[in-house]
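Novice: TSV, N, CA and C atoms, file start-v7.tsv:
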```
chain	number	residue	atom	x	y	z
A	1	MET	N	-11.13	-14.97	14.90
A	1	MET	CA	-11.22	-15.20	13.46
A	1	MET	C	-11.33	-13.85	12.76
A	2	CYS	N	-10.56	-13.68	11.73
A	2	CYS	CA	-10.54	-12.43	10.98
A	2	CYS	C	-11.74	-12.36	10.03
A	3	PRO	N	-12.44	-11.24	10.01
A	3	PRO	CA	-13.58	-11.12	9.10
A	3	PRO	C	-13.17	-10.90	7.64
A	4	PHE	N	-11.88	-10.75	7.40
A	4	PHE	CA	-11.38	-10.50	6.05
A	4	PHE	C	-10.55	-11.68	5.59
A	5	SER	N	-10.64	-11.99	4.30
A	5	SER	CA	-9.87	-13.11	3.78
A	5	SER	C	-8.81	-12.68	2.77
A	6	ASN	N	-8.95	-11.48	2.22
A	6	ASN	CA	-8.03	-11.03	1.17
A	6	ASN	C	-7.77	-9.53	1.35
A	7	ILE	N	-6.65	-9.20	1.96
A	7	ILE	CA	-6.32	-7.82	2.30
A	7	ILE	C	-5.21	-7.29	1.40
A	8	LEU	N	-5.44	-6.12	0.84
A	8	LEU	CA	-4.41	-5.42	0.06
A	8	LEU	C	-3.86	-4.31	0.94
A	9	VAL	N	-2.54	-4.31	1.13
A	9	VAL	CA	-1.88	-3.30	1.96
A	9	VAL	C	-1.05	-2.42	1.05
A	10	LEU	N	-1.37	-1.12	1.05
A	10	LEU	CA	-0.64	-0.16	0.21
A	10	LEU	C	0.54	0.38	1.00
A	11	LEU	N	1.73	0.24	0.42
A	11	LEU	CA	2.95	0.71	1.07
A	11	LEU	C	3.65	1.73	0.19
A	12	ASP	N	4.14	2.80	0.82
A	12	ASP	CA	4.89	3.79	0.05
A	12	ASP	C	6.37	3.81	0.42
A	13	CYS	N	6.79	2.79	1.15
A	13	CYS	CA	8.21	2.63	1.54
A	13	CYS	C	8.70	3.80	2.38
A	14	SER	N	7.86	4.25	3.29
A	14	SER	CA	8.24	5.33	4.20
A	14	SER	C	7.92	4.89	5.62
A	15	PRO	N	8.40	5.63	6.61
A	15	PRO	CA	8.16	5.26	8.01
A	15	PRO	C	6.68	5.16	8.40
A	16	VAL	N	5.78	5.84	7.69
A	16	VAL	CA	4.36	5.76	8.05
A	16	VAL	C	3.79	4.36	7.82
A	17	ASP	N	4.46	3.56	7.00
A	17	ASP	CA	3.99	2.19	6.74
A	17	ASP	C	3.93	1.36	8.01
A	18	ASP	N	4.77	1.67	9.00
A	18	ASP	CA	4.78	0.89	10.24
A	18	ASP	C	3.38	0.81	10.86
A	19	ALA	N	2.68	1.91	10.83
A	19	ALA	CA	1.35	1.95	11.47
A	19	ALA	C	0.38	0.98	10.80
A	20	VAL	N	0.32	0.98	9.49
A	20	VAL	CA	-0.64	0.10	8.80
A	20	VAL	C	-0.18	-1.35	8.86
A	21	VAL	N	1.12	-1.59	8.77
A	21	VAL	CA	1.61	-2.96	8.87
A	21	VAL	C	1.26	-3.55	10.23
A	22	ASN	N	1.49	-2.80	11.29
A	22	ASN	CA	1.16	-3.29	12.63
A	22	ASN	C	-0.33	-3.58	12.78
A	23	GLU	N	-1.16	-2.73	12.22
A	23	GLU	CA	-2.61	-2.93	12.31
A	23	GLU	C	-3.04	-4.16	11.51
A	24	VAL	N	-2.50	-4.34	10.31
A	24	VAL	CA	-2.88	-5.50	9.50
A	24	VAL	C	-2.36	-6.78	10.15
A	25	LEU	N	-1.17	-6.73	10.74
A	25	LEU	CA	-0.68	-7.91	11.46
A	25	LEU	C	-1.63	-8.28	12.60
A	26	ARG	N	-2.13	-7.29	13.30
A	26	ARG	CA	-3.07	-7.54	14.38
A	26	ARG	C	-4.37	-8.17	13.85
A	27	ILE	N	-4.88	-7.62	12.76
A	27	ILE	CA	-6.12	-8.10	12.16
A	27	ILE	C	-5.97	-9.52	11.61
A	28	ALA	N	-4.85	-9.79	10.96
A	28	ALA	CA	-4.65	-11.05	10.24
A	28	ALA	C	-4.05	-12.15	11.09
A	29	SER	N	-3.78	-11.89	12.35
A	29	SER	CA	-3.07	-12.85	13.18
A	29	SER	C	-3.82	-14.16	13.42
A	30	GLY	N	-5.11	-14.17	13.17
A	30	GLY	CA	-5.89	-15.39	13.36
A	30	GLY	C	-5.63	-16.46	12.31
A	31	GLY	N	-4.95	-16.11	11.24
A	31	GLY	CA	-4.64	-17.07	10.19
A	31	GLY	C	-5.69	-17.11	9.10
A	32	GLY	N	-5.34	-17.72	8.00
A	32	GLY	CA	-6.25	-17.88	6.89
A	32	GLY	C	-6.50	-16.63	6.08
A	33	VAL	N	-5.68	-15.61	6.28
A	33	VAL	CA	-5.87	-14.35	5.57
A	33	VAL	C	-4.78	-14.22	4.50
A	34	ARG	N	-5.20	-13.89	3.31
A	34	ARG	CA	-4.24	-13.62	2.23
A	34	ARG	C	-3.93	-12.13	2.26
A	35	VAL	N	-2.65	-11.81	2.35
A	35	VAL	CA	-2.21	-10.41	2.39
A	35	VAL	C	-1.32	-10.14	1.19
A	36	THR	N	-1.65	-9.10	0.46
A	36	THR	CA	-0.82	-8.65	-0.66
A	36	THR	C	-0.29	-7.27	-0.30
A	37	LEU	N	1.03	-7.13	-0.34
A	37	LEU	CA	1.68	-5.85	-0.08
A	37	LEU	C	1.99	-5.21	-1.42
A	38	VAL	N	1.43	-4.06	-1.70
A	38	VAL	CA	1.62	-3.43	-3.00
A	38	VAL	C	2.35	-2.11	-2.87
A	39	HIS	N	3.24	-1.88	-3.81
A	39	HIS	CA	3.95	-0.61	-3.92
A	39	HIS	C	3.90	-0.18	-5.38
A	40	VAL	N	3.57	1.07	-5.60
A	40	VAL	CA	3.52	1.60	-6.97
A	40	VAL	C	4.82	2.36	-7.23
A	41	ILE	N	5.51	1.95	-8.27
A	41	ILE	CA	6.75	2.62	-8.66
A	41	ILE	C	6.39	3.71	-9.65
A	42	HIS	N	6.62	4.94	-9.23
A	42	HIS	CA	6.30	6.11	-10.04
A	42	HIS	C	7.61	6.76	-10.46
A	43	SER	N	8.02	6.50	-11.68
A	43	SER	CA	9.31	7.01	-12.14
A	43	SER	C	9.14	7.72	-13.48
A	44	HIS	N	10.15	8.51	-13.81
A	44	HIS	CA	10.10	9.27	-15.06
A	44	HIS	C	11.20	8.89	-16.04
A	45	THR	N	12.20	8.16	-15.56
A	45	THR	CA	13.29	7.71	-16.43
A	45	THR	C	13.59	6.24	-16.14
A	46	LEU	N	14.28	5.60	-17.07
A	46	LEU	CA	14.65	4.20	-16.85
A	46	LEU	C	15.61	4.05	-15.68
A	47	ASP	N	16.55	4.98	-15.54
A	47	ASP	CA	17.49	4.92	-14.41
A	47	ASP	C	16.75	5.08	-13.09
A	48	GLN	N	15.82	6.01	-13.05
A	48	GLN	CA	15.05	6.22	-11.83
A	48	GLN	C	14.21	4.97	-11.53
A	49	ASP	N	13.62	4.38	-12.57
A	49	ASP	CA	12.83	3.17	-12.40
A	49	ASP	C	13.68	2.05	-11.81
A	50	ARG	N	14.86	1.85	-12.35
A	50	ARG	CA	15.77	0.81	-11.87
A	50	ARG	C	16.12	1.03	-10.40
A	51	ALA	N	16.47	2.25	-10.05
A	51	ALA	CA	16.86	2.57	-8.67
A	51	ALA	C	15.69	2.37	-7.71
A	52	LEU	N	14.51	2.83	-8.11
A	52	LEU	CA	13.33	2.68	-7.24
A	52	LEU	C	12.94	1.22	-7.07
A	53	ARG	N	13.05	0.44	-8.13
A	53	ARG	CA	12.73	-0.99	-8.04
A	53	ARG	C	13.68	-1.71	-7.09
A	54	GLU	N	14.96	-1.37	-7.17
A	54	GLU	CA	15.94	-2.00	-6.29
A	54	GLU	C	15.66	-1.65	-4.83
A	55	LYS	N	15.47	-0.36	-4.57
A	55	LYS	CA	15.22	0.10	-3.20
A	55	LYS	C	13.92	-0.48	-2.66
A	56	SER	N	12.86	-0.42	-3.43
A	56	SER	CA	11.57	-0.92	-2.94
A	56	SER	C	11.56	-2.44	-2.86
A	57	GLY	N	12.34	-3.11	-3.70
A	57	GLY	CA	12.43	-4.57	-3.63
A	57	GLY	C	13.01	-5.03	-2.30
A	58	GLU	N	14.06	-4.37	-1.86
A	58	GLU	CA	14.66	-4.69	-0.56
A	58	GLU	C	13.67	-4.40	0.57
A	59	TYR	N	13.01	-3.27	0.47
A	59	TYR	CA	12.03	-2.86	1.48
A	59	TYR	C	10.90	-3.88	1.59
A	60	MET	N	10.37	-4.29	0.45
A	60	MET	CA	9.25	-5.22	0.45
A	60	MET	C	9.68	-6.60	0.95
A	61	THR	N	10.89	-7.02	0.63
A	61	THR	CA	11.40	-8.29	1.14
A	61	THR	C	11.43	-8.27	2.67
A	62	ASP	N	11.88	-7.15	3.24
A	62	ASP	CA	11.89	-7.01	4.70
A	62	ASP	C	10.47	-7.06	5.27
A	63	ARG	N	9.52	-6.43	4.60
A	63	ARG	CA	8.13	-6.44	5.08
A	63	ARG	C	7.52	-7.84	4.99
A	64	VAL	N	7.81	-8.57	3.92
A	64	VAL	CA	7.30	-9.95	3.79
A	64	VAL	C	7.85	-10.79	4.95
A	65	ARG	N	9.13	-10.61	5.27
A	65	ARG	CA	9.72	-11.33	6.40
A	65	ARG	C	9.04	-10.95	7.72
A	66	GLN	N	8.69	-9.68	7.86
A	66	GLN	CA	8.01	-9.24	9.08
A	66	GLN	C	6.67	-9.96	9.23
A	67	PHE	N	5.93	-10.09	8.15
A	67	PHE	CA	4.66	-10.82	8.19
A	67	PHE	C	4.91	-12.30	8.48
A	68	ALA	N	5.92	-12.88	7.84
A	68	ALA	CA	6.22	-14.30	8.05
A	68	ALA	C	6.58	-14.57	9.51
A	69	ALA	N	7.30	-13.65	10.14
A	69	ALA	CA	7.67	-13.82	11.55
A	69	ALA	C	6.44	-13.84	12.45
A	70	ALA	N	5.35	-13.25	11.98
A	70	ALA	CA	4.09	-13.25	12.74
A	70	ALA	C	3.14	-14.34	12.24
A	71	SER	N	3.68	-15.26	11.42
A	71	SER	CA	2.91	-16.38	10.86
A	71	SER	C	1.77	-15.92	9.96
A	72	VAL	N	1.98	-14.82	9.25
A	72	VAL	CA	1.02	-14.32	8.27
A	72	VAL	C	1.71	-14.32	6.91
A	73	LYS	N	1.12	-15.02	5.95
A	73	LYS	CA	1.71	-15.08	4.62
A	73	LYS	C	1.37	-13.81	3.86
A	74	ALA	N	2.41	-13.16	3.36
A	74	ALA	CA	2.22	-11.94	2.57
A	74	ALA	C	3.01	-12.06	1.28
A	75	GLU	N	2.43	-11.55	0.22
A	75	GLU	CA	3.10	-11.57	-1.08
A	75	GLU	C	3.30	-10.14	-1.55
A	76	PRO	N	4.48	-9.84	-2.11
A	76	PRO	CA	4.71	-8.49	-2.63
A	76	PRO	C	4.15	-8.35	-4.05
A	77	LEU	N	3.76	-7.15	-4.38
A	77	LEU	CA	3.28	-6.83	-5.73
A	77	LEU	C	3.77	-5.44	-6.07
A	78	PHE	N	4.34	-5.30	-7.25
A	78	PHE	CA	4.80	-3.99	-7.72
A	78	PHE	C	3.97	-3.58	-8.93
A	79	LEU	N	3.49	-2.35	-8.87
A	79	LEU	CA	2.78	-1.75	-10.01
A	79	LEU	C	3.62	-0.58	-10.49
A	80	SER	N	3.43	-0.17	-11.72
A	80	SER	CA	4.17	0.97	-12.28
A	80	SER	C	3.20	1.96	-12.88
A	81	GLY	N	3.47	3.24	-12.64
A	81	GLY	CA	2.66	4.29	-13.24
A	81	GLY	C	2.22	5.32	-12.22
A	82	GLU	N	1.14	6.00	-12.55
A	82	GLU	CA	0.57	6.99	-11.64
A	82	GLU	C	-0.12	6.23	-10.50
A	83	PRO	N	0.27	6.47	-9.26
A	83	PRO	CA	-0.25	5.66	-8.16
A	83	PRO	C	-1.77	5.57	-8.09
A	84	GLU	N	-2.46	6.69	-8.19
A	84	GLU	CA	-3.92	6.65	-8.06
A	84	GLU	C	-4.55	5.77	-9.12
A	85	ALA	N	-4.18	5.98	-10.36
A	85	ALA	CA	-4.78	5.22	-11.46
A	85	ALA	C	-4.45	3.74	-11.37
A	86	GLU	N	-3.20	3.42	-11.08
A	86	GLU	CA	-2.80	2.01	-11.01
A	86	GLU	C	-3.49	1.29	-9.85
A	87	LEU	N	-3.59	1.97	-8.72
A	87	LEU	CA	-4.24	1.34	-7.57
A	87	LEU	C	-5.72	1.12	-7.82
A	88	VAL	N	-6.40	2.09	-8.37
A	88	VAL	CA	-7.82	1.92	-8.67
A	88	VAL	C	-8.01	0.78	-9.66
A	89	ARG	N	-7.20	0.73	-10.68
A	89	ARG	CA	-7.30	-0.33	-11.69
A	89	ARG	C	-7.11	-1.71	-11.02
A	90	HIS	N	-6.08	-1.82	-10.19
A	90	HIS	CA	-5.79	-3.10	-9.55
A	90	HIS	C	-6.87	-3.49	-8.53
A	91	ILE	N	-7.29	-2.55	-7.71
A	91	ILE	CA	-8.31	-2.84	-6.70
A	91	ILE	C	-9.62	-3.24	-7.36
A	92	THR	N	-10.01	-2.53	-8.39
A	92	THR	CA	-11.26	-2.81	-9.10
A	92	THR	C	-11.25	-4.19	-9.75
A	93	ALA	N	-10.09	-4.59	-10.29
A	93	ALA	CA	-9.97	-5.88	-10.96
A	93	ALA	C	-9.80	-7.03	-9.97
A	94	GLY	N	-9.44	-6.72	-8.73
A	94	GLY	CA	-9.15	-7.76	-7.76
A	94	GLY	C	-10.36	-8.22	-6.98
A	95	THR	N	-10.10	-9.09	-6.02
A	95	THR	CA	-11.16	-9.64	-5.17
A	95	THR	C	-10.86	-9.33	-3.70
A	96	TYR	N	-10.36	-8.15	-3.45
A	96	TYR	CA	-10.01	-7.76	-2.08
A	96	TYR	C	-11.26	-7.41	-1.29
A	97	ASP	N	-11.25	-7.78	-0.01
A	97	ASP	CA	-12.36	-7.39	0.84
A	97	ASP	C	-11.94	-6.30	1.84
A	98	LEU	N	-10.66	-5.89	1.79
A	98	LEU	CA	-10.19	-4.76	2.58
A	98	LEU	C	-8.93	-4.20	1.94
A	99	VAL	N	-8.87	-2.88	1.86
A	99	VAL	CA	-7.66	-2.19	1.41
A	99	VAL	C	-7.19	-1.37	2.60
A	100	ALA	N	-5.93	-1.58	2.98
A	100	ALA	CA	-5.38	-0.89	4.15
A	100	ALA	C	-4.21	-0.01	3.74
A	101	MET	N	-4.16	1.18	4.33
A	101	MET	CA	-3.07	2.09	4.02
A	101	MET	C	-2.82	3.03	5.17
A	102	ALA	N	-1.61	3.54	5.23
A	102	ALA	CA	-1.27	4.57	6.20
A	102	ALA	C	-1.48	5.92	5.55
A	103	THR	N	-1.86	6.89	6.35
A	103	THR	CA	-1.98	8.25	5.83
A	103	THR	C	-0.89	9.10	6.45
A	104	HIS	N	-0.51	10.12	5.73
A	104	HIS	CA	0.56	11.00	6.20
A	104	HIS	C	0.03	12.11	7.09
A	105	GLY	N	-1.27	12.28	7.13
A	105	GLY	CA	-1.85	13.29	8.00
A	105	GLY	C	-1.66	14.71	7.47
A	106	HIS	N	-1.56	14.84	6.14
A	106	HIS	CA	-1.45	16.18	5.56
A	106	HIS	C	-2.69	17.01	5.88
A	107	LYS	N	-2.51	18.27	5.91
A	107	LYS	CA	-3.63	19.19	6.05
A	107	LYS	C	-4.04	19.64	4.65
A	108	LEU	N	-5.10	20.39	4.55
A	108	LEU	CA	-5.69	20.77	3.28
A	108	LEU	C	-4.67	21.37	2.31
A	109	PHE	N	-3.85	22.31	2.76
A	109	PHE	CA	-2.89	22.97	1.87
A	109	PHE	C	-1.88	21.97	1.31
A	110	GLN	N	-1.38	21.06	2.17
A	110	GLN	CA	-0.42	20.05	1.70
A	110	GLN	C	-1.09	19.08	0.73
A	111	ASP	N	-2.34	18.72	0.99
A	111	ASP	CA	-3.04	17.82	0.08
A	111	ASP	C	-3.21	18.47	-1.29
A	112	MET	N	-3.46	19.77	-1.31
A	112	MET	CA	-3.62	20.45	-2.60
A	112	MET	C	-2.29	20.46	-3.35
A	113	LEU	N	-1.20	20.62	-2.63
A	113	LEU	CA	0.12	20.64	-3.27
A	113	LEU	C	0.59	19.24	-3.66
A	114	LEU	N	0.43	18.29	-2.74
A	114	LEU	CA	1.00	16.96	-2.92
A	114	LEU	C	0.01	15.95	-3.47
A	115	GLY	N	-1.28	16.24	-3.37
A	115	GLY	CA	-2.28	15.25	-3.73
A	115	GLY	C	-2.46	14.28	-2.58
A	116	SER	N	-3.46	13.47	-2.65
A	116	SER	CA	-3.71	12.52	-1.59
A	116	SER	C	-4.26	11.23	-2.19
A	117	VAL	N	-3.46	10.19	-2.14
A	117	VAL	CA	-3.90	8.90	-2.66
A	117	VAL	C	-5.11	8.41	-1.86
A	118	SER	N	-5.06	8.58	-0.54
A	118	SER	CA	-6.18	8.11	0.28
A	118	SER	C	-7.48	8.83	-0.08
A	119	ASP	N	-7.41	10.13	-0.29
A	119	ASP	CA	-8.61	10.88	-0.67
A	119	ASP	C	-9.14	10.41	-2.02
A	120	TYR	N	-8.24	10.19	-2.96
A	120	TYR	CA	-8.64	9.72	-4.28
A	120	TYR	C	-9.31	8.35	-4.18
A	121	LEU	N	-8.69	7.43	-3.44
A	121	LEU	CA	-9.23	6.08	-3.35
A	121	LEU	C	-10.58	6.02	-2.66
A	122	LYS	N	-10.77	6.85	-1.64
A	122	LYS	CA	-12.04	6.76	-0.92
A	122	LYS	C	-13.22	7.17	-1.80
A	123	HIS	N	-12.95	7.88	-2.88
A	123	HIS	CA	-14.01	8.27	-3.80
A	123	HIS	C	-14.08	7.37	-5.03
A	124	ALA	N	-13.07	6.51	-5.23
A	124	ALA	CA	-12.98	5.78	-6.49
A	124	ALA	C	-13.20	4.27	-6.38
A	125	VAL	N	-13.15	3.70	-5.18
A	125	VAL	CA	-13.31	2.25	-5.05
A	125	VAL	C	-14.46	1.92	-4.10
A	126	ASN	N	-14.99	0.73	-4.28
A	126	ASN	CA	-16.11	0.28	-3.45
A	126	ASN	C	-15.70	-0.73	-2.38
A	127	VAL	N	-14.41	-0.97	-2.26
A	127	VAL	CA	-13.88	-1.89	-1.25
A	127	VAL	C	-13.68	-1.10	0.03
A	128	PRO	N	-13.97	-1.68	1.19
A	128	PRO	CA	-13.71	-0.96	2.44
A	128	PRO	C	-12.24	-0.55	2.57
A	129	LEU	N	-12.02	0.66	3.03
A	129	LEU	CA	-10.68	1.20	3.20
A	129	LEU	C	-10.39	1.35	4.69
A	130	LEU	N	-9.23	0.83	5.09
A	130	LEU	CA	-8.74	1.05	6.44
A	130	LEU	C	-7.59	2.04	6.32
A	131	MET	N	-7.80	3.25	6.86
A	131	MET	CA	-6.76	4.28	6.81
A	131	MET	C	-6.23	4.50	8.22
A	132	VAL	N	-4.95	4.23	8.39
A	132	VAL	CA	-4.31	4.34	9.69
A	132	VAL	C	-3.36	5.53	9.65
A	133	ARG	N	-3.50	6.42	10.62
A	133	ARG	CA	-2.61	7.58	10.66
A	133	ARG	C	-1.20	7.11	10.97
A	134	GLY	N	-0.28	7.48	10.09
A	134	GLY	CA	1.13	7.06	10.24
A	134	GLY	C	1.89	7.93	11.20
```
Would you mind writing the file out in structure tokens?

Specialist:
Amino acid sequence: MCPFSNILVLLDCSPVDDAVVNEVLRIASGGGVRVTLVHVIHSHTLDQDRALREKSGEYMTDRVRQFAAASVKAEPLFLSGEPEAELVRHITAGTYDLVAMATHGHKLFQDMLLGSVSDYLKHAVNVPLLMVRG
């Protein structure tokens, strides 16, 4: 029996997602777990937004099918804006008992250049975070 009933899985549509998806499938395999797969679309133009939505829509459809094949119901969710702010807003307003994400394994210098959503979230939310190295 899974100790979690409502899991939010953060996906960035990259190969590192495999690690967190596999871990959440393992955790949720007992059934009765609600899984929401979320992707934040961060765009600067309407054309870029359209292209990212199309690409991520196909990706998320494939991931929902992957969960369904393992008898785990997953629903996709798309947010728009700055990833850190949108995720904190959504997590805080939600009723999740676990937030799961893959990490890229950046080192300090890369985190300073690229930022780190995982680092931001671990300081900004009170929901348990499962961070899986991608």

Novice: Hey, what's within 12 Å of Gly57 of chain A if we count only C-alpha atoms and toss same-chain stuff fewer than 5 positions away? As a list in words, please?

Specialist: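 Contacts, with the query itself left out: Leu11, Asp12, Cys13, Leu37, Val38, His39, Val40, Ile41, Asp49, Arg50, Ala51, Leu52, Asp62, Arg63, Val64, Glu75, Pro76, Leu77, Phe78 and Leu79 of chain A.
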
Novice: Within 6.5 Å of Leu129 of chain A, counting all atoms listed in the file, which residues qualify if same-chain residues fewer than 3 places away don't, as a PyMOL selection string?

Specialist: chain A and resi 98-101

Novice: Please indicate the distance in Å from atom CA of Val117 of chain A to atom N of Gly30 of chain A, rounded to one decimal place.

Specialist: 28.0 Å

Novice: Just to confirm, what's the straight-line distance from atom CA of Arg26 of chain A to atom C of Tyr96 of chain A in Å (one decimal)?

Specialist: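 Rounded to one decimal, the two atoms are 17.7 Å apart.
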
Novice: Assign secondary structure with DSSP using the backbone only, and return the residues of segment 15-107 of chain A in strand (DSSP E) as a list in words.

Specialist: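 Those in segment 15-107 of chain A that DSSP calls strand (DSSP E) are Arg34, Val35, Thr36, Leu37, Val38, His39, Val40, Ile41, Ala74, Glu75, Pro76, Leu77, Phe78, Leu79, Ser80, Leu98, Val99, Ala100, Met101, Ala102 and Thr103 of chain A.
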
Novice: For atom N of Gly32 of chain A and atom N of Ala124 of chain A, quote the distance in Å rounded to one decimal.

Specialist: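 Computing the Euclidean distance for atom N of Gly32 of chain A and atom N of Ala124 of chain A yields 28.7 Å.
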
Novice: Among chain A, which residues carry a DSSP assignment of helix (DSSP H, G or I), reported as number ranges by chain?

Specialist: A: 17-28, 46-69, 83-93, 108-114, 117-124

Novice: Find the residue from A:Arg89, A:Arg133, A:Lys122, A:Arg65 that sits nearest to Ala102 of chain A; use all atoms listed in the file when measuring.

Specialist: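 Under the stated criterion, the closest residue is A:Arg133.
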
Novice: From the options A:Tyr59, A:Thr103, A:Asp18, A:Gln48, which residue's atoms come nearest to Leu130 of chain A, counting only N, CA and C atoms?

Specialist: A:Thr103

Novice: Give me, as number ranges by chain, all polymer residues having an atom no more than 10 Å from Thr95 of chain A, counting only C-alpha atoms and skipping those fewer than 4 positions away in the same chain.

Specialist: A: 5-8, 90-91, 127

Novice: Which residues, written as a PDB file with N, CA and C atoms, in the frame of the given file, have at least one atom at most 7 Å from segment 68-73 of chain A, with all atoms listed in the file counted and residues fewer than 4 positions away on the same chain left out?

Specialist:
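Contents of out_13.pdb, as written:
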```pdb
ATOM      1  N   ALA A  28      -4.850  -9.790  10.960  1.00  0.00           N
ATOM      2  CA  ALA A  28      -4.650 -11.050  10.240  1.00  0.00           C
ATOM      3  C   ALA A  28      -4.050 -12.150  11.090  1.00  0.00           C
ATOM      4  N   SER A  29      -3.780 -11.890  12.350  1.00  0.00           N
ATOM      5  CA  SER A  29      -3.070 -12.850  13.180  1.00  0.00           C
ATOM      6  C   SER A  29      -3.820 -14.160  13.420  1.00  0.00           C
ATOM      7  N   GLY A  31      -4.950 -16.110  11.240  1.00  0.00           N
ATOM      8  CA  GLY A  31      -4.640 -17.070  10.190  1.00  0.00           C
ATOM      9  C   GLY A  31      -5.690 -17.110   9.100  1.00  0.00           C
ATOM     10  N   VAL A  33      -5.680 -15.610   6.280  1.00  0.00           N
ATOM     11  CA  VAL A  33      -5.870 -14.350   5.570  1.00  0.00           C
ATOM     12  C   VAL A  33      -4.780 -14.220   4.500  1.00  0.00           C
ATOM     13  N   ARG A  34      -5.200 -13.890   3.310  1.00  0.00           N
ATOM     14  CA  ARG A  34      -4.240 -13.620   2.230  1.00  0.00           C
ATOM     15  C   ARG A  34      -3.930 -12.130   2.260  1.00  0.00           C
ATOM     16  N   VAL A  35      -2.650 -11.810   2.350  1.00  0.00           N
ATOM     17  CA  VAL A  35      -2.210 -10.410   2.390  1.00  0.00           C
ATOM     18  C   VAL A  35      -1.320 -10.140   1.190  1.00  0.00           C
ATOM     19  N   THR A  36      -1.650  -9.100   0.460  1.00  0.00           N
ATOM     20  CA  THR A  36      -0.820  -8.650  -0.660  1.00  0.00           C
ATOM     21  C   THR A  36      -0.290  -7.270  -0.300  1.00  0.00           C
ATOM     22  N   ARG A  63       9.520  -6.430   4.600  1.00  0.00           N
ATOM     23  CA  ARG A  63       8.130  -6.440   5.080  1.00  0.00           C
ATOM     24  C   ARG A  63       7.520  -7.840   4.990  1.00  0.00           C
ATOM     25  N   VAL A  64       7.810  -8.570   3.920  1.00  0.00           N
ATOM     26  CA  VAL A  64       7.300  -9.950   3.790  1.00  0.00           C
ATOM     27  C   VAL A  64       7.850 -10.790   4.950  1.00  0.00           C
TER      28      VAL A  64
END
```

Novice: Under the rule that only N, CA and C atoms are counted, which of A:Thr92, A:Ser118, A:Gln66, A:Thr61 is the nearest residue to Leu25 of chain A?

Specialist: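 Looking only at the distances to Leu25 of chain A, the closest residue turns out to be A:Gln66.
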